[in-house]
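Participant: My structure is stored as data_37.cif, with mmCIF, N, CA and C atoms.
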```cif
data_model
loop_
_atom_site.label_atom_id
_atom_site.label_comp_id
_atom_site.auth_asym_id
_atom_site.auth_seq_id
_atom_site.Cartn_x
_atom_site.Cartn_y
_atom_site.Cartn_z
N MET A 346 0.84 -1.18 0.00
CA MET A 346 0.00 0.00 0.00
C MET A 346 0.89 1.24 0.00
N ILE A 347 0.50 2.20 -0.82
CA ILE A 347 1.26 3.44 -0.92
C ILE A 347 1.01 4.30 0.32
N ARG A 348 2.13 4.76 0.90
CA ARG A 348 2.05 5.55 2.15
C ARG A 348 2.32 7.02 1.85
N ILE A 349 1.44 7.86 2.40
CA ILE A 349 1.54 9.30 2.20
C ILE A 349 1.70 9.99 3.55
N LEU A 350 2.67 10.91 3.61
CA LEU A 350 2.81 11.77 4.77
C LEU A 350 2.22 13.12 4.38
N LEU A 351 1.15 13.52 5.06
CA LEU A 351 0.45 14.76 4.78
C LEU A 351 0.79 15.79 5.86
N ALA A 352 1.33 16.93 5.45
CA ALA A 352 1.63 18.02 6.37
C ALA A 352 0.78 19.22 5.95
N GLU A 353 -0.20 19.54 6.79
CA GLU A 353 -1.15 20.62 6.50
C GLU A 353 -1.56 21.24 7.83
N ASP A 354 -1.37 22.55 7.98
CA ASP A 354 -1.66 23.19 9.26
C ASP A 354 -3.14 23.47 9.49
N ASP A 355 -3.93 23.52 8.44
CA ASP A 355 -5.37 23.75 8.59
C ASP A 355 -6.06 22.42 8.90
N GLN A 356 -6.63 22.31 10.09
CA GLN A 356 -7.19 21.03 10.56
C GLN A 356 -8.30 20.51 9.65
N VAL A 357 -9.21 21.36 9.24
CA VAL A 357 -10.32 20.92 8.39
C VAL A 357 -9.80 20.42 7.04
N MET A 358 -8.90 21.18 6.44
CA MET A 358 -8.31 20.78 5.16
C MET A 358 -7.55 19.46 5.31
N ARG A 359 -6.78 19.34 6.39
CA ARG A 359 -6.00 18.11 6.64
C ARG A 359 -6.92 16.90 6.74
N GLU A 360 -8.03 17.04 7.46
CA GLU A 360 -8.96 15.93 7.61
C GLU A 360 -9.63 15.57 6.29
N TYR A 361 -10.04 16.57 5.51
CA TYR A 361 -10.66 16.31 4.20
C TYR A 361 -9.68 15.60 3.26
N LEU A 362 -8.46 16.09 3.20
CA LEU A 362 -7.46 15.50 2.31
C LEU A 362 -7.15 14.06 2.72
N ALA A 363 -6.95 13.86 4.01
CA ALA A 363 -6.63 12.50 4.49
C ALA A 363 -7.77 11.55 4.19
N ARG A 364 -8.99 11.97 4.45
CA ARG A 364 -10.15 11.11 4.21
C ARG A 364 -10.28 10.76 2.73
N ALA A 365 -10.12 11.74 1.85
CA ALA A 365 -10.24 11.49 0.41
C ALA A 365 -9.18 10.51 -0.07
N LEU A 366 -7.96 10.68 0.41
CA LEU A 366 -6.88 9.78 0.00
C LEU A 366 -7.06 8.38 0.57
N GLU A 367 -7.51 8.29 1.81
CA GLU A 367 -7.75 6.97 2.42
C GLU A 367 -8.86 6.23 1.69
N ARG A 368 -9.90 6.94 1.31
CA ARG A 368 -11.01 6.31 0.55
C ARG A 368 -10.55 5.81 -0.80
N SER A 369 -9.47 6.38 -1.31
CA SER A 369 -8.93 5.96 -2.61
C SER A 369 -7.87 4.88 -2.46
N GLY A 370 -7.68 4.38 -1.23
CA GLY A 370 -6.79 3.25 -1.01
C GLY A 370 -5.38 3.59 -0.56
N TYR A 371 -5.13 4.83 -0.23
CA TYR A 371 -3.81 5.22 0.25
C TYR A 371 -3.78 5.18 1.77
N ARG A 372 -2.61 4.91 2.30
CA ARG A 372 -2.42 4.94 3.75
C ARG A 372 -1.82 6.30 4.10
N VAL A 373 -2.53 7.07 4.92
CA VAL A 373 -2.15 8.46 5.18
C VAL A 373 -1.80 8.66 6.66
N THR A 374 -0.66 9.29 6.87
CA THR A 374 -0.28 9.77 8.20
C THR A 374 -0.27 11.28 8.09
N SER A 375 -1.00 11.97 8.97
CA SER A 375 -1.06 13.42 8.83
C SER A 375 -0.53 14.13 10.07
N VAL A 376 0.09 15.27 9.81
CA VAL A 376 0.64 16.11 10.87
C VAL A 376 0.23 17.56 10.59
N ASP A 377 0.29 18.39 11.63
CA ASP A 377 -0.17 19.76 11.49
C ASP A 377 0.93 20.78 11.19
N ARG A 378 2.17 20.32 11.06
CA ARG A 378 3.27 21.24 10.74
C ARG A 378 4.51 20.45 10.31
N GLY A 379 5.40 21.14 9.64
CA GLY A 379 6.60 20.49 9.12
C GLY A 379 7.48 19.91 10.21
N THR A 380 7.59 20.61 11.33
CA THR A 380 8.46 20.11 12.40
C THR A 380 7.94 18.79 12.97
N ALA A 381 6.64 18.57 12.91
CA ALA A 381 6.07 17.30 13.38
C ALA A 381 6.33 16.17 12.38
N ALA A 382 6.56 16.52 11.13
CA ALA A 382 6.82 15.50 10.10
C ALA A 382 8.24 14.94 10.18
N MET A 383 9.18 15.74 10.63
CA MET A 383 10.59 15.33 10.61
C MET A 383 10.87 14.02 11.36
N PRO A 384 10.40 13.86 12.60
CA PRO A 384 10.68 12.59 13.29
C PRO A 384 10.08 11.39 12.57
N LEU A 385 8.92 11.57 11.95
CA LEU A 385 8.30 10.47 11.21
C LEU A 385 9.13 10.09 9.99
N LEU A 386 9.67 11.08 9.32
CA LEU A 386 10.50 10.82 8.14
C LEU A 386 11.76 10.04 8.51
N GLN A 387 12.23 10.23 9.73
CA GLN A 387 13.45 9.55 10.16
C GLN A 387 13.18 8.12 10.62
N THR A 388 11.93 7.80 10.96
CA THR A 388 11.64 6.47 11.51
C THR A 388 10.72 5.62 10.64
N GLU A 389 10.06 6.24 9.66
CA GLU A 389 9.13 5.50 8.82
C GLU A 389 9.43 5.76 7.35
N THR A 390 8.87 4.92 6.49
CA THR A 390 9.06 5.06 5.05
C THR A 390 7.76 5.52 4.42
N PHE A 391 7.85 6.57 3.62
CA PHE A 391 6.70 7.10 2.91
C PHE A 391 7.01 7.16 1.42
N ASP A 392 5.98 7.02 0.60
CA ASP A 392 6.13 7.09 -0.84
C ASP A 392 5.94 8.51 -1.36
N LEU A 393 5.15 9.30 -0.60
CA LEU A 393 4.84 10.66 -1.02
C LEU A 393 4.75 11.57 0.19
N LEU A 394 5.37 12.74 0.05
CA LEU A 394 5.18 13.83 1.01
C LEU A 394 4.23 14.81 0.34
N LEU A 395 3.05 14.97 0.91
CA LEU A 395 2.06 15.92 0.42
C LEU A 395 2.02 17.04 1.45
N THR A 396 2.49 18.21 1.06
CA THR A 396 2.64 19.27 2.05
C THR A 396 2.14 20.62 1.58
N ASP A 397 1.47 21.31 2.49
CA ASP A 397 1.13 22.70 2.28
C ASP A 397 2.46 23.45 2.28
N ILE A 398 2.53 24.56 1.60
CA ILE A 398 3.79 25.31 1.59
C ILE A 398 3.85 26.28 2.77
N VAL A 399 2.78 27.03 2.98
CA VAL A 399 2.79 28.04 4.03
C VAL A 399 2.28 27.42 5.33
N MET A 400 3.21 27.19 6.26
CA MET A 400 2.89 26.62 7.57
C MET A 400 3.80 27.27 8.61
N PRO A 401 3.35 27.29 9.87
CA PRO A 401 4.21 27.85 10.92
C PRO A 401 5.40 26.93 11.23
N GLU A 402 6.41 27.49 11.82
CA GLU A 402 7.62 26.80 12.28
C GLU A 402 8.54 26.37 11.15
N MET A 403 8.03 25.60 10.19
CA MET A 403 8.84 25.15 9.05
C MET A 403 7.92 25.09 7.83
N ASP A 404 8.25 25.85 6.79
CA ASP A 404 7.37 25.82 5.63
C ASP A 404 7.56 24.52 4.83
N GLY A 405 6.65 24.29 3.92
CA GLY A 405 6.65 23.05 3.15
C GLY A 405 7.88 22.89 2.27
N ILE A 406 8.43 23.98 1.79
CA ILE A 406 9.62 23.90 0.94
C ILE A 406 10.81 23.40 1.75
N GLU A 407 11.01 23.98 2.93
CA GLU A 407 12.11 23.52 3.79
C GLU A 407 11.89 22.06 4.19
N LEU A 408 10.65 21.72 4.51
CA LEU A 408 10.33 20.34 4.86
C LEU A 408 10.68 19.40 3.71
N ALA A 409 10.30 19.76 2.51
CA ALA A 409 10.58 18.92 1.34
C ALA A 409 12.08 18.77 1.10
N GLN A 410 12.81 19.87 1.27
CA GLN A 410 14.26 19.80 1.07
C GLN A 410 14.91 18.89 2.10
N ARG A 411 14.51 19.01 3.35
CA ARG A 411 15.06 18.13 4.39
C ARG A 411 14.63 16.69 4.16
N ALA A 412 13.38 16.51 3.77
CA ALA A 412 12.86 15.16 3.52
C ALA A 412 13.61 14.48 2.39
N SER A 413 13.98 15.24 1.36
CA SER A 413 14.69 14.64 0.23
C SER A 413 16.10 14.19 0.62
N GLU A 414 16.66 14.79 1.67
CA GLU A 414 17.96 14.33 2.17
C GLU A 414 17.80 13.00 2.92
N ILE A 415 16.70 12.86 3.64
CA ILE A 415 16.44 11.65 4.43
C ILE A 415 15.95 10.51 3.53
N ALA A 416 15.05 10.85 2.60
CA ALA A 416 14.42 9.85 1.73
C ALA A 416 14.44 10.34 0.29
N PRO A 417 15.57 10.18 -0.39
CA PRO A 417 15.73 10.77 -1.73
C PRO A 417 14.76 10.24 -2.79
N THR A 418 14.20 9.05 -2.60
CA THR A 418 13.29 8.51 -3.62
C THR A 418 11.82 8.87 -3.36
N MET A 419 11.53 9.47 -2.23
CA MET A 419 10.16 9.84 -1.91
C MET A 419 9.71 10.97 -2.83
N ARG A 420 8.50 10.86 -3.35
CA ARG A 420 7.93 11.91 -4.19
C ARG A 420 7.44 13.05 -3.32
N VAL A 421 7.33 14.24 -3.93
CA VAL A 421 6.85 15.42 -3.21
C VAL A 421 5.76 16.09 -4.03
N MET A 422 4.69 16.47 -3.35
CA MET A 422 3.63 17.27 -3.96
C MET A 422 3.29 18.40 -3.00
N PHE A 423 3.31 19.62 -3.54
CA PHE A 423 2.96 20.79 -2.74
C PHE A 423 1.51 21.18 -3.00
N ILE A 424 0.85 21.69 -1.97
CA ILE A 424 -0.45 22.31 -2.13
C ILE A 424 -0.35 23.72 -1.58
N THR A 425 -0.86 24.69 -2.34
CA THR A 425 -0.75 26.08 -1.89
C THR A 425 -1.82 26.94 -2.51
N GLY A 426 -2.12 28.01 -1.83
CA GLY A 426 -3.07 28.99 -2.34
C GLY A 426 -2.40 30.28 -2.76
N PHE A 427 -1.07 30.30 -2.78
CA PHE A 427 -0.32 31.51 -3.08
C PHE A 427 0.50 31.34 -4.35
N ALA A 428 0.18 32.11 -5.38
CA ALA A 428 0.86 31.99 -6.67
C ALA A 428 2.36 32.26 -6.57
N ALA A 429 2.75 33.29 -5.83
CA ALA A 429 4.18 33.62 -5.71
C ALA A 429 4.95 32.49 -5.04
N VAL A 430 4.32 31.84 -4.09
CA VAL A 430 4.96 30.73 -3.39
C VAL A 430 5.12 29.54 -4.33
N THR A 431 4.20 29.39 -5.27
CA THR A 431 4.27 28.31 -6.26
C THR A 431 5.56 28.42 -7.06
N LEU A 432 5.92 29.63 -7.46
CA LEU A 432 7.16 29.84 -8.22
C LEU A 432 8.38 29.45 -7.39
N LYS A 433 8.39 29.87 -6.14
CA LYS A 433 9.50 29.56 -5.24
C LYS A 433 9.64 28.04 -5.06
N ALA A 434 8.51 27.35 -4.90
CA ALA A 434 8.52 25.90 -4.72
C ALA A 434 9.06 25.21 -5.96
N GLY A 435 8.64 25.68 -7.13
CA GLY A 435 9.11 25.09 -8.38
C GLY A 435 10.60 25.24 -8.57
N GLN A 436 11.16 26.34 -8.11
CA GLN A 436 12.60 26.55 -8.21
C GLN A 436 13.35 25.71 -7.19
N ALA A 437 12.81 25.60 -5.99
CA ALA A 437 13.49 24.87 -4.92
C ALA A 437 13.43 23.37 -5.12
N MET A 438 12.33 22.86 -5.63
CA MET A 438 12.11 21.42 -5.81
C MET A 438 11.55 21.20 -7.21
N PRO A 439 12.40 21.25 -8.24
CA PRO A 439 11.89 21.20 -9.62
C PRO A 439 11.15 19.91 -9.99
N ASN A 440 11.37 18.82 -9.31
CA ASN A 440 10.69 17.57 -9.64
C ASN A 440 9.37 17.39 -8.89
N ALA A 441 9.04 18.33 -8.02
CA ALA A 441 7.81 18.23 -7.23
C ALA A 441 6.61 18.65 -8.06
N ARG A 442 5.47 18.07 -7.74
CA ARG A 442 4.21 18.49 -8.33
C ARG A 442 3.64 19.59 -7.44
N ILE A 443 2.90 20.51 -8.05
CA ILE A 443 2.30 21.60 -7.30
C ILE A 443 0.82 21.67 -7.65
N LEU A 444 -0.02 21.63 -6.64
CA LEU A 444 -1.46 21.72 -6.81
C LEU A 444 -1.92 23.01 -6.13
N SER A 445 -2.53 23.90 -6.91
CA SER A 445 -2.94 25.20 -6.36
C SER A 445 -4.36 25.15 -5.82
N LYS A 446 -4.53 25.74 -4.63
CA LYS A 446 -5.85 25.87 -4.03
C LYS A 446 -6.58 27.01 -4.74
N PRO A 447 -7.87 26.97 -4.89
CA PRO A 447 -8.74 25.87 -4.46
C PRO A 447 -8.72 24.74 -5.49
N PHE A 448 -8.88 23.54 -5.02
CA PHE A 448 -8.98 22.39 -5.91
C PHE A 448 -10.03 21.44 -5.35
N HIS A 449 -10.56 20.62 -6.20
CA HIS A 449 -11.55 19.63 -5.77
C HIS A 449 -10.80 18.41 -5.26
N LEU A 450 -11.34 17.74 -4.27
CA LEU A 450 -10.67 16.55 -3.73
C LEU A 450 -10.41 15.52 -4.82
N ARG A 451 -11.30 15.43 -5.79
CA ARG A 451 -11.12 14.51 -6.91
C ARG A 451 -9.83 14.82 -7.67
N GLU A 452 -9.55 16.14 -7.83
CA GLU A 452 -8.33 16.57 -8.52
C GLU A 452 -7.08 16.07 -7.79
N LEU A 453 -7.11 16.21 -6.47
CA LEU A 453 -5.97 15.77 -5.67
C LEU A 453 -5.75 14.27 -5.84
N VAL A 454 -6.80 13.50 -5.70
CA VAL A 454 -6.68 12.05 -5.83
C VAL A 454 -6.19 11.68 -7.23
N MET A 455 -6.71 12.37 -8.26
CA MET A 455 -6.27 12.09 -9.63
C MET A 455 -4.78 12.38 -9.80
N GLU A 456 -4.31 13.47 -9.22
CA GLU A 456 -2.88 13.81 -9.31
C GLU A 456 -2.01 12.77 -8.62
N VAL A 457 -2.43 12.33 -7.44
CA VAL A 457 -1.67 11.31 -6.71
C VAL A 457 -1.71 9.99 -7.49
N ASP A 458 -2.88 9.62 -8.00
CA ASP A 458 -2.99 8.41 -8.81
C ASP A 458 -2.04 8.48 -10.00
N ARG A 459 -2.05 9.62 -10.69
CA ARG A 459 -1.19 9.81 -11.87
C ARG A 459 0.29 9.65 -11.51
N LEU A 460 0.65 10.18 -10.38
CA LEU A 460 2.04 10.10 -9.93
C LEU A 460 2.49 8.65 -9.81
N PHE A 461 1.63 7.82 -9.23
CA PHE A 461 2.02 6.43 -9.01
C PHE A 461 1.73 5.53 -10.21
N GLU A 462 0.79 5.92 -11.07
CA GLU A 462 0.58 5.19 -12.33
C GLU A 462 1.80 5.34 -13.21
N GLN A 463 2.38 6.52 -13.19
CA GLN A 463 3.60 6.79 -13.96
C GLN A 463 4.72 5.87 -13.48
N ASP A 464 4.84 5.69 -12.16
CA ASP A 464 5.84 4.78 -11.62
C ASP A 464 5.59 3.36 -12.09
N SER A 465 4.33 2.93 -12.04
CA SER A 465 3.98 1.57 -12.46
C SER A 465 4.32 1.35 -13.93
N ALA A 466 4.04 2.36 -14.75
CA ALA A 466 4.33 2.27 -16.18
C ALA A 466 5.83 2.17 -16.44
N ASN A 467 6.62 2.76 -15.55
CA ASN A 467 8.07 2.72 -15.68
C ASN A 467 8.70 1.55 -14.92
N GLY A 468 7.87 0.70 -14.33
CA GLY A 468 8.38 -0.47 -13.61
C GLY A 468 8.90 -0.17 -12.23
N ILE A 469 8.50 0.98 -11.66
CA ILE A 469 8.93 1.37 -10.32
C ILE A 469 7.81 1.07 -9.35
N ASN A 470 8.12 0.44 -8.22
CA ASN A 470 7.07 0.17 -7.23
C ASN A 470 7.13 1.11 -6.10
#
```
Please rewrite the model in this file as structure tokens.
Facilitator:
Amino acid sequence: MIRILLAEDDQVMREYLARALERSGYRVTSVDRGTAAMPLLQTETFDLLLTDIVMPEMDGIELAQRASEIAPTMRVMFITGFAAVTLKAGQAMPNARILSKPFHLRELVMEVDRLFEQDSANGIN
């Protein structure tokens, strides 16, 4: 089962995202900030880091950069409502996917599905 680490500071959004992904067959661990994600990244294996960019304590870009040092093969997808931040994320993590708010939960699931279908097509598990 594909494991997703979700870092989102907005509780309602975090719950909606986790529920939608779990209903689609993904195993989701969610945290409310980047600093809470770091210990999990060091002790568990995840296939995808799905992170909001603008969060207190540690933003999603810094989290993704640190996560890529710990788990270089883990995929990264950013979610954000700020266009300027989208550009910064694209420069900092060029291989990451970026999903701009507002989006429909179906869109999120489709993007995650696409990410892992691409791996399957390339023979990557």
Participant: Run through the PyMOL selection byres ((chain A and resi 375) around 6.5) on the given coordinates and return the selected residues as a list in words.
Facilitator: Ile349, Leu350, Leu351, Ala352, Glu353, Val373, Thr374, Val376 and Asp377 of chain A
Participant: Show which residues sit within 9 Å of Thr380 in chain A, as a VMD selection string. Count only C-alpha atoms, and ignore same-chain residues fewer than 4 positions away.
Facilitator: chain A and resid 376 384 401 to 404 408
Participant: Could you list the residues chosen by the PyMOL selection byres ((chain A and resi 420) around 6) in this structure as a list in words?
Facilitator: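 When the PyMOL selection byres ((chain A and resi 420) around 6) is applied to the shown file, the picked residues are Asp392, Leu393, Leu394, Thr418, Met419, Val421 and Met422 of chain A.
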Participant: CA of Asp354 in chain A to CA of Glu462 in chain A: how many Å, to one decimal?
Facilitator: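 Going from CA of Asp354 in chain A over to CA of Glu462 in chain A, I get 28.2 Å.
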Participant: Specify as a ChimeraX atom specification each residue included when the PyMOL selection byres (((chain A and resi 457 and name CA) around 10) and name CA) is applied to this file.
Facilitator: /A:349,366,369,371,393,395,420,422,442,451-456,458-462
Participant: From the options A:Phe423, A:Leu385, A:Glu367, A:Lys446, which residue's atoms come nearest to Gly405 in chain A, counting all atoms listed in the file?
Facilitator: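 Ranking A:Phe423, A:Leu385, A:Glu367, A:Lys446 by distance to Gly405 in chain A, first place goes to A:Phe423.
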Participant: I'd like the interatomic distance between CA of Asn440 in chain A and CA of Val357 in chain A, to a tenth of an Å.
Facilitator: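 Interatomic distance here is 27.9 Å.
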Participant: Among range 346-469 of chain A, which ones does DSSP assign to strand (DSSP E) (computed from the backbone)? Answer as a list in words.
Facilitator: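 For range 346-469 of chain A, the strand (DSSP E) set is Arg348, Ile349, Leu350, Leu351, Ala352, Arg372, Val373, Thr374, Ser375, Val376, Leu393, Leu394, Leu395, Thr396, Asp397, Arg420, Val421, Met422, Phe423, Ile424, Thr425, Arg442, Ile443, Leu444 and Ser445 of chain A.
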Participant: Print the selection's residues with N, CA and C atoms to a file, as a PDB file, in the frame of the given file.
Facilitator:
```
ATOM      1  N   ARG A 348       2.130   4.760   0.900  1.00  0.00           N
ATOM      2  CA  ARG A 348       2.050   5.550   2.150  1.00  0.00           C
ATOM      3  C   ARG A 348       2.320   7.020   1.850  1.00  0.00           C
ATOM      4  N   ILE A 349       1.440   7.860   2.400  1.00  0.00           N
ATOM      5  CA  ILE A 349       1.540   9.300   2.200  1.00  0.00           C
ATOM      6  C   ILE A 349       1.700   9.990   3.550  1.00  0.00           C
ATOM      7  N   LEU A 350       2.670  10.910   3.610  1.00  0.00           N
ATOM      8  CA  LEU A 350       2.810  11.770   4.770  1.00  0.00           C
ATOM      9  C   LEU A 350       2.220  13.120   4.380  1.00  0.00           C
ATOM     10  N   LEU A 351       1.150  13.520   5.060  1.00  0.00           N
ATOM     11  CA  LEU A 351       0.450  14.760   4.780  1.00  0.00           C
ATOM     12  C   LEU A 351       0.790  15.790   5.860  1.00  0.00           C
ATOM     13  N   ALA A 352       1.330  16.930   5.450  1.00  0.00           N
ATOM     14  CA  ALA A 352       1.630  18.020   6.370  1.00  0.00           C
ATOM     15  C   ALA A 352       0.780  19.220   5.950  1.00  0.00           C
ATOM     16  N   ARG A 372      -2.610   4.910   2.300  1.00  0.00           N
ATOM     17  CA  ARG A 372      -2.420   4.940   3.750  1.00  0.00           C
ATOM     18  C   ARG A 372      -1.820   6.300   4.100  1.00  0.00           C
ATOM     19  N   VAL A 373      -2.530   7.070   4.920  1.00  0.00           N
ATOM     20  CA  VAL A 373      -2.150   8.460   5.180  1.00  0.00           C
ATOM     21  C   VAL A 373      -1.800   8.660   6.660  1.00  0.00           C
ATOM     22  N   THR A 374      -0.660   9.290   6.870  1.00  0.00           N
ATOM     23  CA  THR A 374      -0.280   9.770   8.200  1.00  0.00           C
ATOM     24  C   THR A 374      -0.270  11.280   8.090  1.00  0.00           C
ATOM     25  N   SER A 375      -1.000  11.970   8.970  1.00  0.00           N
ATOM     26  CA  SER A 375      -1.060  13.420   8.830  1.00  0.00           C
ATOM     27  C   SER A 375      -0.530  14.130  10.070  1.00  0.00           C
ATOM     28  N   VAL A 376       0.090  15.270   9.810  1.00  0.00           N
ATOM     29  CA  VAL A 376       0.640  16.110  10.870  1.00  0.00           C
ATOM     30  C   VAL A 376       0.230  17.560  10.590  1.00  0.00           C
ATOM     31  N   LEU A 393       5.150   9.300  -0.600  1.00  0.00           N
ATOM     32  CA  LEU A 393       4.840  10.660  -1.020  1.00  0.00           C
ATOM     33  C   LEU A 393       4.750  11.570   0.190  1.00  0.00           C
ATOM     34  N   LEU A 394       5.370  12.740   0.050  1.00  0.00           N
ATOM     35  CA  LEU A 394       5.180  13.830   1.010  1.00  0.00           C
ATOM     36  C   LEU A 394       4.230  14.810   0.340  1.00  0.00           C
ATOM     37  N   LEU A 395       3.050  14.970   0.910  1.00  0.00           N
ATOM     38  CA  LEU A 395       2.060  15.920   0.420  1.00  0.00           C
ATOM     39  C   LEU A 395       2.020  17.040   1.450  1.00  0.00           C
ATOM     40  N   THR A 396       2.490  18.210   1.060  1.00  0.00           N
ATOM     41  CA  THR A 396       2.640  19.270   2.050  1.00  0.00           C
ATOM     42  C   THR A 396       2.140  20.620   1.580  1.00  0.00           C
ATOM     43  N   ASP A 397       1.470  21.310   2.490  1.00  0.00           N
ATOM     44  CA  ASP A 397       1.130  22.700   2.280  1.00  0.00           C
ATOM     45  C   ASP A 397       2.460  23.450   2.280  1.00  0.00           C
ATOM     46  N   ARG A 420       8.500  10.860  -3.350  1.00  0.00           N
ATOM     47  CA  ARG A 420       7.930  11.910  -4.190  1.00  0.00           C
ATOM     48  C   ARG A 420       7.440  13.050  -3.320  1.00  0.00           C
ATOM     49  N   VAL A 421       7.330  14.240  -3.930  1.00  0.00           N
ATOM     50  CA  VAL A 421       6.850  15.420  -3.210  1.00  0.00           C
ATOM     51  C   VAL A 421       5.760  16.090  -4.030  1.00  0.00           C
ATOM     52  N   MET A 422       4.690  16.470  -3.350  1.00  0.00           N
ATOM     53  CA  MET A 422       3.630  17.270  -3.960  1.00  0.00           C
ATOM     54  C   MET A 422       3.290  18.400  -3.000  1.00  0.00           C
ATOM     55  N   PHE A 423       3.310  19.620  -3.540  1.00  0.00           N
ATOM     56  CA  PHE A 423       2.960  20.790  -2.740  1.00  0.00           C
ATOM     57  C   PHE A 423       1.510  21.180  -3.000  1.00  0.00           C
ATOM     58  N   ILE A 424       0.850  21.690  -1.970  1.00  0.00           N
ATOM     59  CA  ILE A 424      -0.450  22.310  -2.130  1.00  0.00           C
ATOM     60  C   ILE A 424      -0.350  23.720  -1.580  1.00  0.00           C
ATOM     61  N   THR A 425      -0.860  24.690  -2.340  1.00  0.00           N
ATOM     62  CA  THR A 425      -0.750  26.080  -1.890  1.00  0.00           C
ATOM     63  C   THR A 425      -1.820  26.940  -2.510  1.00  0.00           C
ATOM     64  N   ARG A 442       5.470  18.070  -7.740  1.00  0.00           N
ATOM     65  CA  ARG A 442       4.210  18.490  -8.330  1.00  0.00           C
ATOM     66  C   ARG A 442       3.640  19.590  -7.440  1.00  0.00           C
ATOM     67  N   ILE A 443       2.900  20.510  -8.050  1.00  0.00           N
ATOM     68  CA  ILE A 443       2.300  21.600  -7.300  1.00  0.00           C
ATOM     69  C   ILE A 443       0.820  21.670  -7.650  1.00  0.00           C
ATOM     70  N   LEU A 444      -0.020  21.630  -6.640  1.00  0.00           N
ATOM     71  CA  LEU A 444      -1.460  21.720  -6.810  1.00  0.00           C
ATOM     72  C   LEU A 444      -1.920  23.010  -6.130  1.00  0.00           C
ATOM     73  N   SER A 445      -2.530  23.900  -6.910  1.00  0.00           N
ATOM     74  CA  SER A 445      -2.940  25.200  -6.360  1.00  0.00           C
ATOM     75  C   SER A 445      -4.360  25.150  -5.820  1.00  0.00           C
TER      76      SER A 445
END
```
Participant: DSSP says alpha helix (DSSP H) for which residues of range 373-424 of chain A? Put them as a PyMOL selection string?
Facilitator: chain A and resi 379-388+405-415
Participant: Work out how far CA of Ala416 in chain A is from CA of Phe391 in chain A, in Å to one decimal.
Facilitator: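 A separation of 8.3 Å between them.
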Participant: Reconstruct range 404-408 of chain A at the level of all heavy atoms, and format the result as a PDB file, in the coordinates of the input.
Facilitator:
```
ATOM      1  N   ASP A 404       8.250  25.850   6.790  1.00  0.00           N
ATOM      2  CA  ASP A 404       7.370  25.820   5.630  1.00  0.00           C
ATOM      3  C   ASP A 404       7.560  24.520   4.830  1.00  0.00           C
ATOM      4  O   ASP A 404       8.485  23.749   5.073  1.00  0.00           O
ATOM      5  CB  ASP A 404       7.532  27.066   4.761  1.00  0.00           C
ATOM      6  CG  ASP A 404       8.863  27.145   4.030  1.00  0.00           C
ATOM      7  OD1 ASP A 404       9.501  26.106   3.764  1.00  0.00           O
ATOM      8  OD2 ASP A 404       9.265  28.279   3.693  1.00  0.00           O
ATOM      9  N   GLY A 405       6.650  24.290   3.920  1.00  0.00           N
ATOM     10  CA  GLY A 405       6.650  23.050   3.150  1.00  0.00           C
ATOM     11  C   GLY A 405       7.880  22.890   2.270  1.00  0.00           C
ATOM     12  O   GLY A 405       8.323  21.767   2.016  1.00  0.00           O
ATOM     13  N   ILE A 406       8.430  23.980   1.790  1.00  0.00           N
ATOM     14  CA  ILE A 406       9.620  23.900   0.940  1.00  0.00           C
ATOM     15  C   ILE A 406      10.810  23.400   1.750  1.00  0.00           C
ATOM     16  O   ILE A 406      11.520  22.492   1.324  1.00  0.00           O
ATOM     17  CB  ILE A 406       9.920  25.266   0.275  1.00  0.00           C
ATOM     18  CG1 ILE A 406       8.774  25.643  -0.673  1.00  0.00           C
ATOM     19  CG2 ILE A 406      11.254  25.219  -0.467  1.00  0.00           C
ATOM     20  CD1 ILE A 406       8.837  27.052  -1.204  1.00  0.00           C
ATOM     21  N   GLU A 407      11.010  23.980   2.930  1.00  0.00           N
ATOM     22  CA  GLU A 407      12.110  23.520   3.790  1.00  0.00           C
ATOM     23  C   GLU A 407      11.890  22.060   4.190  1.00  0.00           C
ATOM     24  O   GLU A 407      12.825  21.258   4.190  1.00  0.00           O
ATOM     25  CB  GLU A 407      12.224  24.401   5.033  1.00  0.00           C
ATOM     26  CG  GLU A 407      13.396  24.002   5.917  1.00  0.00           C
ATOM     27  CD  GLU A 407      13.539  24.851   7.177  1.00  0.00           C
ATOM     28  OE1 GLU A 407      12.840  25.873   7.314  1.00  0.00           O
ATOM     29  OE2 GLU A 407      14.364  24.467   8.029  1.00  0.00           O
ATOM     30  N   LEU A 408      10.650  21.720   4.510  1.00  0.00           N
ATOM     31  CA  LEU A 408      10.330  20.340   4.860  1.00  0.00           C
ATOM     32  C   LEU A 408      10.680  19.400   3.710  1.00  0.00           C
ATOM     33  O   LEU A 408      11.329  18.372   3.916  1.00  0.00           O
ATOM     34  CB  LEU A 408       8.843  20.211   5.213  1.00  0.00           C
ATOM     35  CG  LEU A 408       8.319  18.785   5.407  1.00  0.00           C
ATOM     36  CD1 LEU A 408       9.050  18.073   6.537  1.00  0.00           C
ATOM     37  CD2 LEU A 408       6.811  18.814   5.647  1.00  0.00           C
TER      38      LEU A 408
END
```
